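Asker: Input file: target.pdb. Contents: PDB, C-alpha atoms.
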```pdb
ATOM      1  CA  MET A   1      12.786  -3.090 -20.701
ATOM      2  CA  VAL A   2       9.435  -4.152 -22.055
ATOM      3  CA  ALA A   3       6.290  -2.875 -20.418
ATOM      4  CA  VAL A   4       4.217  -5.864 -19.365
ATOM      5  CA  LYS A   5       0.745  -5.740 -20.846
ATOM      6  CA  ALA A   6      -2.209  -6.652 -18.668
ATOM      7  CA  TYR A   7      -4.295  -8.242 -21.431
ATOM      8  CA  GLU A   8      -1.432 -10.579 -22.251
ATOM      9  CA  LEU A   9      -1.100 -11.500 -18.596
ATOM     10  CA  ARG A  10      -4.727 -12.501 -18.296
ATOM     11  CA  ASN A  11      -4.199 -15.472 -20.564
ATOM     12  CA  LYS A  12      -1.605 -16.965 -18.243
ATOM     13  CA  ASN A  13      -2.269 -19.289 -15.367
ATOM     14  CA  LYS A  14      -1.320 -18.703 -11.775
ATOM     15  CA  ALA A  15       2.097 -20.385 -11.800
ATOM     16  CA  GLU A  16       3.201 -18.403 -14.850
ATOM     17  CA  LEU A  17       1.951 -15.177 -13.344
ATOM     18  CA  LEU A  18       3.929 -15.779 -10.166
ATOM     19  CA  LYS A  19       6.998 -16.468 -12.273
ATOM     20  CA  VAL A  20       6.507 -13.198 -14.164
ATOM     21  CA  LEU A  21       6.106 -11.411 -10.832
ATOM     22  CA  ASP A  22       9.328 -12.910  -9.560
ATOM     23  CA  GLU A  23      11.214 -11.888 -12.711
ATOM     24  CA  GLN A  24       9.952  -8.339 -12.483
ATOM     25  CA  LYS A  25      10.983  -8.113  -8.853
ATOM     26  CA  GLN A  26      14.436  -9.374  -9.711
ATOM     27  CA  GLU A  27      14.727  -6.739 -12.427
ATOM     28  CA  LEU A  28      13.742  -4.055  -9.974
ATOM     29  CA  ALA A  29      16.318  -5.301  -7.489
ATOM     30  CA  SER A  30      19.083  -5.233 -10.100
ATOM     31  CA  LEU A  31      18.042  -1.731 -11.191
ATOM     32  CA  ARG A  32      18.292  -0.568  -7.596
ATOM     33  CA  VAL A  33      21.822  -1.956  -7.404
ATOM     34  CA  GLN A  34      22.703  -0.110 -10.606
ATOM     35  CA  LYS A  35      21.312   3.086  -9.158
ATOM     36  CA  VAL A  36      23.694   2.779  -6.227
ATOM     37  CA  ALA A  37      26.616   1.862  -8.495
ATOM     38  CA  GLY A  38      26.076   4.969 -10.612
ATOM     39  CA  GLY A  39      23.540   4.083 -13.299
ATOM     40  CA  SER A  40      22.734   6.114 -16.393
ATOM     41  CA  ALA A  41      19.590   8.230 -16.529
ATOM     42  CA  SER A  42      17.835   5.692 -18.760
ATOM     43  CA  LYS A  43      18.396   3.000 -16.161
ATOM     44  CA  LEU A  44      16.904   5.179 -13.479
ATOM     45  CA  HIS A  45      13.878   5.751 -15.678
ATOM     46  CA  GLN A  46      13.366   1.982 -15.865
ATOM     47  CA  ILE A  47      12.873   1.776 -12.125
ATOM     48  CA  GLY A  48       9.495   3.479 -12.371
ATOM     49  CA  LEU A  49       8.471   1.193 -15.231
ATOM     50  CA  ALA A  50       9.529  -1.888 -13.293
ATOM     51  CA  ARG A  51       7.437  -0.871 -10.284
ATOM     52  CA  LYS A  52       4.380  -0.380 -12.436
ATOM     53  CA  ASN A  53       4.931  -3.746 -14.107
ATOM     54  CA  ILE A  54       4.949  -5.389 -10.715
ATOM     55  CA  ALA A  55       1.748  -3.547  -9.835
ATOM     56  CA  ARG A  56       0.101  -4.684 -13.060
ATOM     57  CA  THR A  57       1.050  -8.308 -12.468
ATOM     58  CA  LEU A  58      -0.239  -8.229  -8.925
ATOM     59  CA  THR A  59      -3.475  -6.607 -10.061
ATOM     60  CA  VAL A  60      -4.079  -9.321 -12.635
ATOM     61  CA  ILE A  61      -3.270 -12.043 -10.119
ATOM     62  CA  ASN A  62      -5.620 -10.677  -7.484
ATOM     63  CA  GLN A  63      -8.386  -9.761  -9.887
ATOM     64  CA  THR A  64      -8.572 -13.198 -11.481
ATOM     65  CA  GLN A  65      -8.300 -14.889  -8.093
ATOM     66  CA  ARG A  66     -11.208 -12.964  -6.626
ATOM     67  CA  GLU A  67     -13.286 -13.374  -9.744
ATOM     68  CA  GLN A  68     -12.864 -17.139  -9.620
ATOM     69  CA  LEU A  69     -13.668 -17.195  -5.923
ATOM     70  CA  ARG A  70     -16.855 -15.243  -6.448
ATOM     71  CA  LEU A  71     -17.951 -17.819  -8.999
ATOM     72  CA  PHE A  72     -17.121 -20.588  -6.577
ATOM     73  CA  TYR A  73     -19.110 -19.036  -3.745
ATOM     74  CA  GLN A  74     -22.060 -17.961  -5.856
ATOM     75  CA  LYS A  75     -24.490 -20.665  -4.813
ATOM     76  CA  LYS A  76     -23.236 -21.057  -1.279
ATOM     77  CA  LYS A  77     -24.864 -19.727   1.841
ATOM     78  CA  TYR A  78     -21.818 -18.417   3.699
ATOM     79  CA  ILE A  79     -19.260 -16.397   1.783
ATOM     80  CA  PRO A  80     -15.996 -14.921   3.058
ATOM     81  CA  LEU A  81     -16.266 -11.472   4.581
ATOM     82  CA  ASP A  82     -14.136  -9.704   2.013
ATOM     83  CA  LEU A  83     -16.350 -10.968  -0.808
ATOM     84  CA  ARG A  84     -19.506  -9.701   0.837
ATOM     85  CA  VAL A  85     -21.141  -6.388   0.028
ATOM     86  CA  LYS A  86     -19.239  -3.568   1.685
ATOM     87  CA  LYS A  87     -21.538  -0.485   1.650
ATOM     88  CA  THR A  88     -21.429   0.917   5.227
ATOM     89  CA  ARG A  89     -21.705  -0.793   8.592
ATOM     90  CA  ALA A  90     -25.055   0.835   9.355
ATOM     91  CA  MET A  91     -26.501  -0.056   5.971
ATOM     92  CA  ARG A  92     -25.477  -3.677   6.402
ATOM     93  CA  ARG A  93     -27.358  -3.818   9.703
ATOM     94  CA  ALA A  94     -30.456  -1.989   8.471
ATOM     95  CA  LEU A  95     -33.803  -3.719   7.884
ATOM     96  CA  THR A  96     -34.087  -5.595   4.606
ATOM     97  CA  PRO A  97     -36.764  -4.430   2.132
ATOM     98  CA  PHE A  98     -38.849  -7.485   3.043
ATOM     99  CA  GLU A  99     -38.634  -6.699   6.743
ATOM    100  CA  ARG A 100     -39.581  -3.098   6.123
ATOM    101  CA  LYS A 101     -42.810  -3.922   4.326
ATOM    102  CA  LEU A 102     -44.080  -6.393   6.923
ATOM    103  CA  LYS A 103     -47.409  -5.375   8.460
ATOM    104  CA  THR A 104     -49.420  -6.632  11.391
ATOM    105  CA  GLU A 105     -52.639  -8.560  10.806
ATOM    106  CA  LYS A 106     -54.555  -5.729  12.349
ATOM    107  CA  GLN A 107     -53.115  -3.212   9.892
ATOM    108  CA  LYS A 108     -53.729  -5.513   6.938
ATOM    109  CA  LYS A 109     -57.379  -5.886   7.893
ATOM    110  CA  LYS A 110     -57.800  -2.153   8.338
ATOM    111  CA  GLU A 111     -56.304  -1.426   4.944
ATOM    112  CA  ASN A 112     -58.470  -4.070   3.431
ATOM    113  CA  HIS A 113     -61.711  -2.832   4.908
ATOM    114  CA  PHE A 114     -61.043   0.917   4.769
ATOM    115  CA  PRO A 115     -58.924   1.668   1.728
ATOM    116  CA  LEU A 116     -58.242   5.234   0.692
ATOM    117  CA  ARG A 117     -61.075   6.259  -1.575
ATOM    118  CA  LYS A 118     -60.815   8.593  -4.451
ATOM    119  CA  TYR A 119     -63.630  10.919  -5.247
ATOM    120  CA  ALA A 120     -64.372  13.130  -8.118
ATOM    121  CA  VAL A 121     -66.766  16.014  -8.291
ATOM    122  CA  LYS A 122     -69.067  15.914 -11.246
ATOM    123  CA  ALA A 123     -68.650  19.118 -13.180
TER     124      ALA A 123
ATOM    125  CA  MET B   1     -37.241 -55.413  50.302
ATOM    126  CA  ALA B   2     -40.484 -55.851  52.107
ATOM    127  CA  PRO B   3     -40.919 -59.322  53.496
ATOM    128  CA  LYS B   4     -44.252 -59.467  51.786
ATOM    129  CA  ALA B   5     -44.481 -57.098  48.802
ATOM    130  CA  SER B   6     -48.144 -56.627  48.168
ATOM    131  CA  PRO B   7     -49.217 -56.079  44.552
ATOM    132  CA  LYS B   8     -50.529 -52.620  45.438
ATOM    133  CA  SER B   9     -47.182 -51.414  46.879
ATOM    134  CA  LYS B  10     -45.303 -52.942  43.942
ATOM    135  CA  ALA B  11     -47.537 -51.051  41.525
ATOM    136  CA  ALA B  12     -47.016 -47.830  43.458
ATOM    137  CA  ALA B  13     -43.236 -48.305  43.399
ATOM    138  CA  ALA B  14     -43.304 -49.006  39.668
ATOM    139  CA  LYS B  15     -45.351 -45.865  39.041
ATOM    140  CA  LYS B  16     -42.909 -43.751  41.060
ATOM    141  CA  ALA B  17     -39.941 -45.225  39.175
ATOM    142  CA  ALA B  18     -41.589 -44.507  35.840
ATOM    143  CA  LEU B  19     -42.411 -40.916  36.727
ATOM    144  CA  LYS B  20     -39.338 -39.902  38.699
ATOM    145  CA  GLY B  21     -36.670 -42.214  37.321
ATOM    146  CA  VAL B  22     -34.623 -44.744  39.193
ATOM    147  CA  HIS B  23     -31.536 -42.601  39.947
ATOM    148  CA  GLY B  24     -32.809 -41.406  43.238
ATOM    149  CA  LYS B  25     -29.655 -41.606  45.333
ATOM    150  CA  SER B  26     -27.225 -38.677  45.017
ATOM    151  CA  VAL B  27     -23.624 -39.495  45.874
ATOM    152  CA  ARG B  28     -21.268 -36.948  47.378
ATOM    153  CA  LYS B  29     -17.996 -36.674  45.460
ATOM    154  CA  VAL B  30     -14.899 -37.594  47.459
ATOM    155  CA  ARG B  31     -12.641 -34.521  47.641
ATOM    156  CA  THR B  32      -9.074 -35.464  48.383
ATOM    157  CA  SER B  33      -7.698 -31.888  48.289
ATOM    158  CA  THR B  34      -8.766 -28.666  49.945
ATOM    159  CA  HIS B  35      -8.225 -26.656  46.753
ATOM    160  CA  PHE B  36     -10.764 -26.334  43.971
ATOM    161  CA  HIS B  37      -9.146 -26.463  40.561
ATOM    162  CA  LEU B  38     -10.609 -25.716  37.160
ATOM    163  CA  PRO B  39     -12.650 -28.755  36.084
ATOM    164  CA  LYS B  40     -11.736 -30.236  32.743
ATOM    165  CA  THR B  41     -14.532 -29.523  30.281
ATOM    166  CA  LEU B  42     -15.135 -30.402  26.655
ATOM    167  CA  ARG B  43     -12.939 -28.419  24.261
ATOM    168  CA  LEU B  44     -14.207 -28.398  20.702
ATOM    169  CA  SER B  45     -11.893 -27.650  17.830
ATOM    170  CA  ARG B  46     -12.815 -25.041  15.240
ATOM    171  CA  LYS B  47     -14.900 -26.086  12.254
ATOM    172  CA  PRO B  48     -15.531 -22.825  10.453
ATOM    173  CA  LYS B  49     -18.413 -22.752   8.014
ATOM    174  CA  TYR B  50     -16.553 -20.348   5.772
ATOM    175  CA  ALA B  51     -13.091 -18.848   5.531
ATOM    176  CA  ARG B  52     -13.093 -15.333   6.927
ATOM    177  CA  LYS B  53     -10.566 -14.111   4.376
ATOM    178  CA  SER B  54     -11.255 -15.425   0.913
ATOM    179  CA  VAL B  55      -7.637 -16.049   0.031
ATOM    180  CA  PRO B  56      -4.536 -15.811   2.248
ATOM    181  CA  HIS B  57      -2.196 -12.995   1.264
ATOM    182  CA  LEU B  58       1.047 -13.578  -0.618
ATOM    183  CA  PRO B  59       4.014 -13.370   1.773
ATOM    184  CA  ARG B  60       4.425  -9.706   2.559
ATOM    185  CA  MET B  61       8.060  -9.713   3.748
ATOM    186  CA  ASP B  62       9.576 -11.574   0.809
ATOM    187  CA  GLN B  63      13.285 -11.362   0.054
ATOM    188  CA  TYR B  64      12.797  -8.479  -2.385
ATOM    189  CA  ARG B  65      11.123  -6.392   0.264
ATOM    190  CA  VAL B  66      13.634  -7.178   2.992
ATOM    191  CA  VAL B  67      16.827  -6.260   1.138
ATOM    192  CA  ARG B  68      16.507  -2.962  -0.672
ATOM    193  CA  ASN B  69      19.949  -2.313  -2.109
ATOM    194  CA  PRO B  70      23.592  -2.886  -1.253
ATOM    195  CA  LEU B  71      25.890  -0.074  -0.213
ATOM    196  CA  ASN B  72      29.101   0.849  -2.002
ATOM    197  CA  SER B  73      30.405   3.706   0.135
ATOM    198  CA  GLU B  74      34.074   3.821   1.077
ATOM    199  CA  THR B  75      33.537   2.200   4.456
ATOM    200  CA  ALA B  76      31.316  -0.414   2.847
ATOM    201  CA  MET B  77      34.050  -1.256   0.334
ATOM    202  CA  LYS B  78      36.535  -1.496   3.167
ATOM    203  CA  LYS B  79      34.280  -3.979   4.895
ATOM    204  CA  ILE B  80      34.038  -6.086   1.761
ATOM    205  CA  GLU B  81      37.792  -6.327   1.381
ATOM    206  CA  GLU B  82      38.898  -6.630   4.951
ATOM    207  CA  HIS B  83      36.099  -8.310   6.877
ATOM    208  CA  ASN B  84      34.368 -10.338   4.184
ATOM    209  CA  THR B  85      31.071  -8.591   4.849
ATOM    210  CA  LEU B  86      28.492  -7.003   2.582
ATOM    211  CA  THR B  87      26.493  -3.955   3.625
ATOM    212  CA  PHE B  88      22.891  -3.559   2.648
ATOM    213  CA  ILE B  89      20.171  -1.055   3.153
ATOM    214  CA  VAL B  90      17.347  -3.144   4.474
ATOM    215  CA  ASP B  91      13.656  -2.633   5.271
ATOM    216  CA  VAL B  92      13.187  -1.130   8.725
ATOM    217  CA  LYS B  93      10.767  -3.848   9.714
ATOM    218  CA  ALA B  94      13.161  -6.648   8.838
ATOM    219  CA  ASN B  95      14.883  -8.592  11.586
ATOM    220  CA  LYS B  96      18.230 -10.365  11.436
ATOM    221  CA  HIS B  97      16.724 -13.768  10.723
ATOM    222  CA  GLN B  98      14.798 -12.379   7.778
ATOM    223  CA  ILE B  99      17.873 -10.580   6.474
ATOM    224  CA  LYS B 100      19.972 -13.734   6.661
ATOM    225  CA  ASP B 101      17.269 -15.706   4.876
ATOM    226  CA  ALA B 102      16.772 -13.049   2.203
ATOM    227  CA  VAL B 103      20.485 -12.783   1.422
ATOM    228  CA  LYS B 104      20.577 -16.560   1.078
ATOM    229  CA  ARG B 105      17.668 -16.558  -1.355
ATOM    230  CA  LEU B 106      18.853 -13.623  -3.397
ATOM    231  CA  TYR B 107      22.582 -14.223  -3.695
ATOM    232  CA  ASP B 108      22.945 -17.876  -2.704
ATOM    233  CA  VAL B 109      25.454 -17.142   0.077
ATOM    234  CA  GLU B 110      25.463 -18.182   3.696
ATOM    235  CA  ALA B 111      25.759 -15.443   6.312
ATOM    236  CA  LEU B 112      27.873 -16.018   9.372
ATOM    237  CA  LYS B 113      26.299 -13.209  11.306
ATOM    238  CA  VAL B 114      24.203 -10.096  10.718
ATOM    239  CA  ASN B 115      24.615  -6.803  12.534
ATOM    240  CA  THR B 116      22.040  -4.098  12.061
ATOM    241  CA  LEU B 117      21.666  -0.473  12.916
ATOM    242  CA  ILE B 118      19.140   2.222  12.089
ATOM    243  CA  ARG B 119      20.625   5.196  10.327
ATOM    244  CA  PRO B 120      19.783   8.756  11.281
ATOM    245  CA  ASP B 121      17.808   9.096   8.055
ATOM    246  CA  GLY B 122      15.480   6.326   9.217
ATOM    247  CA  LYS B 123      16.720   3.454   7.068
ATOM    248  CA  LYS B 124      18.146   0.223   8.399
ATOM    249  CA  LYS B 125      21.672  -0.824   7.525
ATOM    250  CA  ALA B 126      22.745  -4.440   7.792
ATOM    251  CA  TYR B 127      26.317  -5.699   7.879
ATOM    252  CA  VAL B 128      26.199  -9.266   6.653
ATOM    253  CA  ARG B 129      29.342 -11.230   7.355
ATOM    254  CA  LEU B 130      29.739 -14.099   4.932
ATOM    255  CA  THR B 131      31.194 -17.506   5.703
ATOM    256  CA  ALA B 132      34.897 -18.012   5.119
ATOM    257  CA  ASP B 133      34.412 -20.232   2.065
ATOM    258  CA  VAL B 134      32.864 -17.322   0.097
ATOM    259  CA  ASP B 135      34.673 -14.162  -0.943
ATOM    260  CA  ALA B 136      32.668 -10.992  -0.460
ATOM    261  CA  LEU B 137      34.503  -9.331  -3.325
ATOM    262  CA  ASP B 138      33.401 -12.028  -5.747
ATOM    263  CA  VAL B 139      29.809 -11.745  -4.598
ATOM    264  CA  ALA B 140      29.925  -7.967  -4.929
ATOM    265  CA  ASN B 141      31.230  -8.318  -8.486
ATOM    266  CA  LYS B 142      28.520 -10.820  -9.282
ATOM    267  CA  ILE B 143      25.804  -8.502  -7.952
ATOM    268  CA  GLY B 144      27.180  -5.603  -9.968
ATOM    269  CA  LEU B 145      28.222  -3.475  -7.041
ATOM    270  CA  ILE B 146      31.772  -2.613  -7.909
TER     271      ILE B 146
END
```
Could I get this file's structure written as structure tokens?

Answerer:
Amino acid sequence: MVAVKAYELRNKNKAELLKVLDEQKQELASLRVQKVAGGSASKLHQIGLARKNIARTLTVINQTQREQLRLFYQKKKYIPLDLRVKKTRAMRRALTPFERKLKTEKQKKKENHFPLRKYAVKA
Amino acid sequence: MAPKASPKSKAAAAKKAALKGVHGKSVRKVRTSTHFHLPKTLRLSRKPKYARKSVPHLPRMDQYRVVRNPLNSETAMKKIEEHNTLTFIVDVKANKHQIKDAVKRLYDVEALKVNTLIRPDGKKKAYVRLTADVDALDVANKIGLI
């Protein structure tokens, strides 16, 4: 059986990819039947290849789907939760850099009127 | 209605109406039952501003996941010949409806009934009895079981 190549899959559209996925699953099913009905060692080796082919197809499907969705949601205000930045829960709830550098009027005036001075001693 | 509404009292009444509004009288609701039931309020339907999951998942329990492989043990072969049933090892999470549907999709045969059991090794076995117009032996040959 041929190993499906990911770079060839990326040129296909969604319907074709789903068809490829279906074919690969059917192959895997038939290989499993052959395993039960006493298959040769080469047939049993194909089972592993078939599973990886299915994984490759699914990866391409999901990758291209999410990529397209990210493009679609780029300019929008609300994006789906699984496309948002993951990081950690605490980091998502932390203050933004803008919020961290906010100062009160009082502090701004103080810093304005009494900045830190640098001196130098004349040698 | 004063018999003689003086302009001063009319002006005062108009001022009061403008400030306090004209719906002065409160009416008591007529209660015809002694029980208080939940009042019907406004129920809004959902209008989400964004989908929570970006894309819905492909069906997880598709026919390839439900039916793993057929069995060809001696008792299974006996069942094929005598009772017109096929035996499959099936996913543990599959139920009889899913098994019936999966067998239909995979092998294009109608199941009369499905009996399942969980084997001691943790896998699920399904006995799928086929309808009388199909021969289990033919189907088994077609699958590649024999």

Asker: For Leu28 in chain A, list every protein, DNA or RNA residue within 8 Å, evaluated using all atoms listed in the file, and leave out those in the same chain fewer than 3 positions away; present the list as a ChimeraX atom specification.

Answerer: /A:24-25,31-32,47,50-51

Asker: Report, in Å with one decimal, the straight-line distance from CA of Gln63 in chain B to CA of Lys104 in chain B.

Answerer: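 According to the coordinates, CA of Gln63 in chain B and CA of Lys104 in chain B are separated by 9.0 Å.
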
Asker: Taking all atoms listed in the file into account, which of A:Gln26, A:Lys12, A:Thr59, A:Val2 comes nearest Arg105 in chain B?

Answerer: A:Gln26

Asker: Using all atoms listed in the file for the distances, tell me which of A:Val33, A:Leu44, A:Ala55, A:Val60 is nearest to Glu8 in chain A.

Answerer: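 Going through A:Val33, A:Leu44, A:Ala55, A:Val60 one by one, the smallest distance to Glu8 in chain A is for A:Val60.
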
Asker: Taking the file as shown, what set of residues would the ChimeraX specification (/A :<8) & /B give back, as a compact mmCIF listing (two decimals) with C-alpha atoms, in the frame of the given file?

Answerer:
```txt
# COMPACT_ATOMS: atom_id res chain seq x y z
CA LYS B 49 -18.41 -22.75 8.01
CA TYR B 50 -16.55 -20.35 5.77
CA ALA B 51 -13.09 -18.85 5.53
CA ARG B 52 -13.09 -15.33 6.93
CA LYS B 53 -10.57 -14.11 4.38
CA SER B 54 -11.26 -15.42 0.91
CA TYR B 64 12.80 -8.48 -2.38
CA ARG B 68 16.51 -2.96 -0.67
CA ASN B 69 19.95 -2.31 -2.11
CA PRO B 70 23.59 -2.89 -1.25
CA LEU B 71 25.89 -0.07 -0.21
CA ASN B 72 29.10 0.85 -2.00
CA ILE B 143 25.80 -8.50 -7.95
CA GLY B 144 27.18 -5.60 -9.97
CA LEU B 145 28.22 -3.48 -7.04
CA ILE B 146 31.77 -2.61 -7.91
```

Asker: At what distance in Å, to one decimal, does CA of Ile61 in chain A lie from CA of Asn13 in chain A?

Answerer: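 Atom-to-atom, CA of Asn13 in chain A to CA of Ile61 in chain A, that is 9.0 Å.
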
Asker: Find the distance between CA of Asn115 in chain B and CA of Val128 in chain B and write it in Å to one decimal.

Answerer: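 Separating CA of Asn115 in chain B from CA of Val128 in chain B is a distance of 6.6 Å.
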
Asker: Provide an axis-aligned box for all listed atoms of range 7-14 of chain B, padding each side by 5 Å; report its centre and its edge lengths in Å to one decimal, as lines of an AutoDock Vina configuration file.

Answerer:
```
center_x = -46.9
center_y = -52.0
center_z = 43.3
size_x = 17.3
size_y = 18.2
size_z = 17.2
```

Asker: Determine the residue membership of the PyMOL selection byres ((chain B and resi 116) around 6) for the file above and supply it as a PyMOL selection string.

Answerer: chain B and resi 115+117+125-126

Asker: Anything within 12 Å of (36.1, -8.4, 4.0): list those residues as number ranges by chain, counting all atoms listed in the file and sticking to the file's coordinates.

Answerer: B: 75-87, 127-132, 134-140

Asker: Let's have the selection written as a JSON list (two decimals), in the frame of the given file, with C-alpha atoms.

Answerer:
```json
[["chain", "number", "residue", "atom", "x", "y", "z"],
["B", 75, "THR", "CA", 33.54, 2.20, 4.46],
["B", 76, "ALA", "CA", 31.32, -0.41, 2.85],
["B", 77, "MET", "CA", 34.05, -1.26, 0.33],
["B", 78, "LYS", "CA", 36.53, -1.50, 3.17],
["B", 79, "LYS", "CA", 34.28, -3.98, 4.89],
["B", 80, "ILE", "CA", 34.04, -6.09, 1.76],
["B", 81, "GLU", "CA", 37.79, -6.33, 1.38],
["B", 82, "GLU", "CA", 38.90, -6.63, 4.95],
["B", 83, "HIS", "CA", 36.10, -8.31, 6.88],
["B", 84, "ASN", "CA", 34.37, -10.34, 4.18],
["B", 85, "THR", "CA", 31.07, -8.59, 4.85],
["B", 86, "LEU", "CA", 28.49, -7.00, 2.58],
["B", 87, "THR", "CA", 26.49, -3.96, 3.62],
["B", 127, "TYR", "CA", 26.32, -5.70, 7.88],
["B", 128, "VAL", "CA", 26.20, -9.27, 6.65],
["B", 129, "ARG", "CA", 29.34, -11.23, 7.36],
["B", 130, "LEU", "CA", 29.74, -14.10, 4.93],
["B", 131, "THR", "CA", 31.19, -17.51, 5.70],
["B", 132, "ALA", "CA", 34.90, -18.01, 5.12],
["B", 134, "VAL", "CA", 32.86, -17.32, 0.10],
["B", 135, "ASP", "CA", 34.67, -14.16, -0.94],
["B", 136, "ALA", "CA", 32.67, -10.99, -0.46],
["B", 137, "LEU", "CA", 34.50, -9.33, -3.32],
["B", 138, "ASP", "CA", 33.40, -12.03, -5.75],
["B", 139, "VAL", "CA", 29.81, -11.74, -4.60],
["B", 140, "ALA", "CA", 29.92, -7.97, -4.93]]
```

Asker: Quick one: residues within 8 Å of Ala3 in chain A, all atoms listed in the file, excluding same-chain residues fewer than 2 positions away - as a ChimeraX atom specification?

Answerer: /A:1,5,49-50,53

Asker: Running the PyMOL selection byres ((chain B and resi 97) around 12) on this model by hand, what would come out? Give it as a PDB file with C-alpha atoms, keeping the file's coordinate frame.

Answerer:
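Writing the result to expr-v6.pdb gives the following:
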```pdb
ATOM      1  CA  MET B  61       8.060  -9.713   3.748  1.00  0.00           C
ATOM      2  CA  GLN B  63      13.285 -11.362   0.054  1.00  0.00           C
ATOM      3  CA  VAL B  66      13.634  -7.178   2.992  1.00  0.00           C
ATOM      4  CA  LYS B  93      10.767  -3.848   9.714  1.00  0.00           C
ATOM      5  CA  ALA B  94      13.161  -6.648   8.838  1.00  0.00           C
ATOM      6  CA  ASN B  95      14.883  -8.592  11.586  1.00  0.00           C
ATOM      7  CA  LYS B  96      18.230 -10.365  11.436  1.00  0.00           C
ATOM      8  CA  GLN B  98      14.798 -12.379   7.778  1.00  0.00           C
ATOM      9  CA  ILE B  99      17.873 -10.580   6.474  1.00  0.00           C
ATOM     10  CA  LYS B 100      19.972 -13.734   6.661  1.00  0.00           C
ATOM     11  CA  ASP B 101      17.269 -15.706   4.876  1.00  0.00           C
ATOM     12  CA  ALA B 102      16.772 -13.049   2.203  1.00  0.00           C
ATOM     13  CA  VAL B 103      20.485 -12.783   1.422  1.00  0.00           C
ATOM     14  CA  LYS B 104      20.577 -16.560   1.078  1.00  0.00           C
ATOM     15  CA  ALA B 111      25.759 -15.443   6.312  1.00  0.00           C
ATOM     16  CA  LEU B 112      27.873 -16.018   9.372  1.00  0.00           C
ATOM     17  CA  LYS B 113      26.299 -13.209  11.306  1.00  0.00           C
ATOM     18  CA  VAL B 114      24.203 -10.096  10.718  1.00  0.00           C
ATOM     19  CA  ASN B 115      24.615  -6.803  12.534  1.00  0.00           C
ATOM     20  CA  THR B 116      22.040  -4.098  12.061  1.00  0.00           C
ATOM     21  CA  ALA B 126      22.745  -4.440   7.792  1.00  0.00           C
ATOM     22  CA  VAL B 128      26.199  -9.266   6.653  1.00  0.00           C
TER      23      VAL B 128
END
```

Asker: Mind filling out range 69-79 of chain A with N, CA, C and O atoms and sending it as a PDB file, in the coordinates of the input?

Answerer:
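Saved the output as result-v3.pdb:
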```
ATOM      1  N   LEU A  69     -13.094 -16.869  -7.223  1.00  0.00           N
ATOM      2  CA  LEU A  69     -13.668 -17.195  -5.923  1.00  0.00           C
ATOM      3  C   LEU A  69     -15.128 -16.797  -5.862  1.00  0.00           C
ATOM      4  O   LEU A  69     -15.953 -17.506  -5.276  1.00  0.00           O
ATOM      5  N   ARG A  70     -15.455 -15.659  -6.463  1.00  0.00           N
ATOM      6  CA  ARG A  70     -16.855 -15.243  -6.448  1.00  0.00           C
ATOM      7  C   ARG A  70     -17.729 -16.239  -7.179  1.00  0.00           C
ATOM      8  O   ARG A  70     -18.841 -16.542  -6.763  1.00  0.00           O
ATOM      9  N   LEU A  71     -17.209 -16.779  -8.285  1.00  0.00           N
ATOM     10  CA  LEU A  71     -17.951 -17.819  -8.999  1.00  0.00           C
ATOM     11  C   LEU A  71     -18.145 -19.040  -8.121  1.00  0.00           C
ATOM     12  O   LEU A  71     -19.213 -19.646  -8.079  1.00  0.00           O
ATOM     13  N   PHE A  72     -17.073 -19.393  -7.411  1.00  0.00           N
ATOM     14  CA  PHE A  72     -17.121 -20.588  -6.577  1.00  0.00           C
ATOM     15  C   PHE A  72     -18.154 -20.441  -5.471  1.00  0.00           C
ATOM     16  O   PHE A  72     -18.865 -21.382  -5.121  1.00  0.00           O
ATOM     17  N   TYR A  73     -18.222 -19.236  -4.896  1.00  0.00           N
ATOM     18  CA  TYR A  73     -19.110 -19.036  -3.745  1.00  0.00           C
ATOM     19  C   TYR A  73     -20.501 -18.582  -4.144  1.00  0.00           C
ATOM     20  O   TYR A  73     -21.314 -18.257  -3.288  1.00  0.00           O
ATOM     21  N   GLN A  74     -20.802 -18.573  -5.433  1.00  0.00           N
ATOM     22  CA  GLN A  74     -22.060 -17.961  -5.856  1.00  0.00           C
ATOM     23  C   GLN A  74     -23.282 -18.640  -5.257  1.00  0.00           C
ATOM     24  O   GLN A  74     -24.209 -17.993  -4.819  1.00  0.00           O
ATOM     25  N   LYS A  75     -23.277 -19.982  -5.248  1.00  0.00           N
ATOM     26  CA  LYS A  75     -24.490 -20.665  -4.813  1.00  0.00           C
ATOM     27  C   LYS A  75     -24.464 -20.961  -3.320  1.00  0.00           C
ATOM     28  O   LYS A  75     -25.393 -21.525  -2.797  1.00  0.00           O
ATOM     29  N   LYS A  76     -23.366 -20.617  -2.669  1.00  0.00           N
ATOM     30  CA  LYS A  76     -23.236 -21.057  -1.279  1.00  0.00           C
ATOM     31  C   LYS A  76     -23.911 -20.078  -0.335  1.00  0.00           C
ATOM     32  O   LYS A  76     -24.152 -18.924  -0.671  1.00  0.00           O
ATOM     33  N   LYS A  77     -24.150 -20.560   0.886  1.00  0.00           N
ATOM     34  CA  LYS A  77     -24.864 -19.727   1.841  1.00  0.00           C
ATOM     35  C   LYS A  77     -23.904 -18.752   2.508  1.00  0.00           C
ATOM     36  O   LYS A  77     -24.189 -17.572   2.626  1.00  0.00           O
ATOM     37  N   TYR A  78     -22.763 -19.281   2.981  1.00  0.00           N
ATOM     38  CA  TYR A  78     -21.818 -18.417   3.699  1.00  0.00           C
ATOM     39  C   TYR A  78     -20.670 -18.084   2.776  1.00  0.00           C
ATOM     40  O   TYR A  78     -20.033 -18.969   2.232  1.00  0.00           O
ATOM     41  N   ILE A  79     -20.404 -16.784   2.613  1.00  0.00           N
ATOM     42  CA  ILE A  79     -19.260 -16.397   1.783  1.00  0.00           C
ATOM     43  C   ILE A  79     -18.268 -15.617   2.639  1.00  0.00           C
ATOM     44  O   ILE A  79     -18.653 -15.030   3.649  1.00  0.00           O
TER      45      ILE A  79
END
```
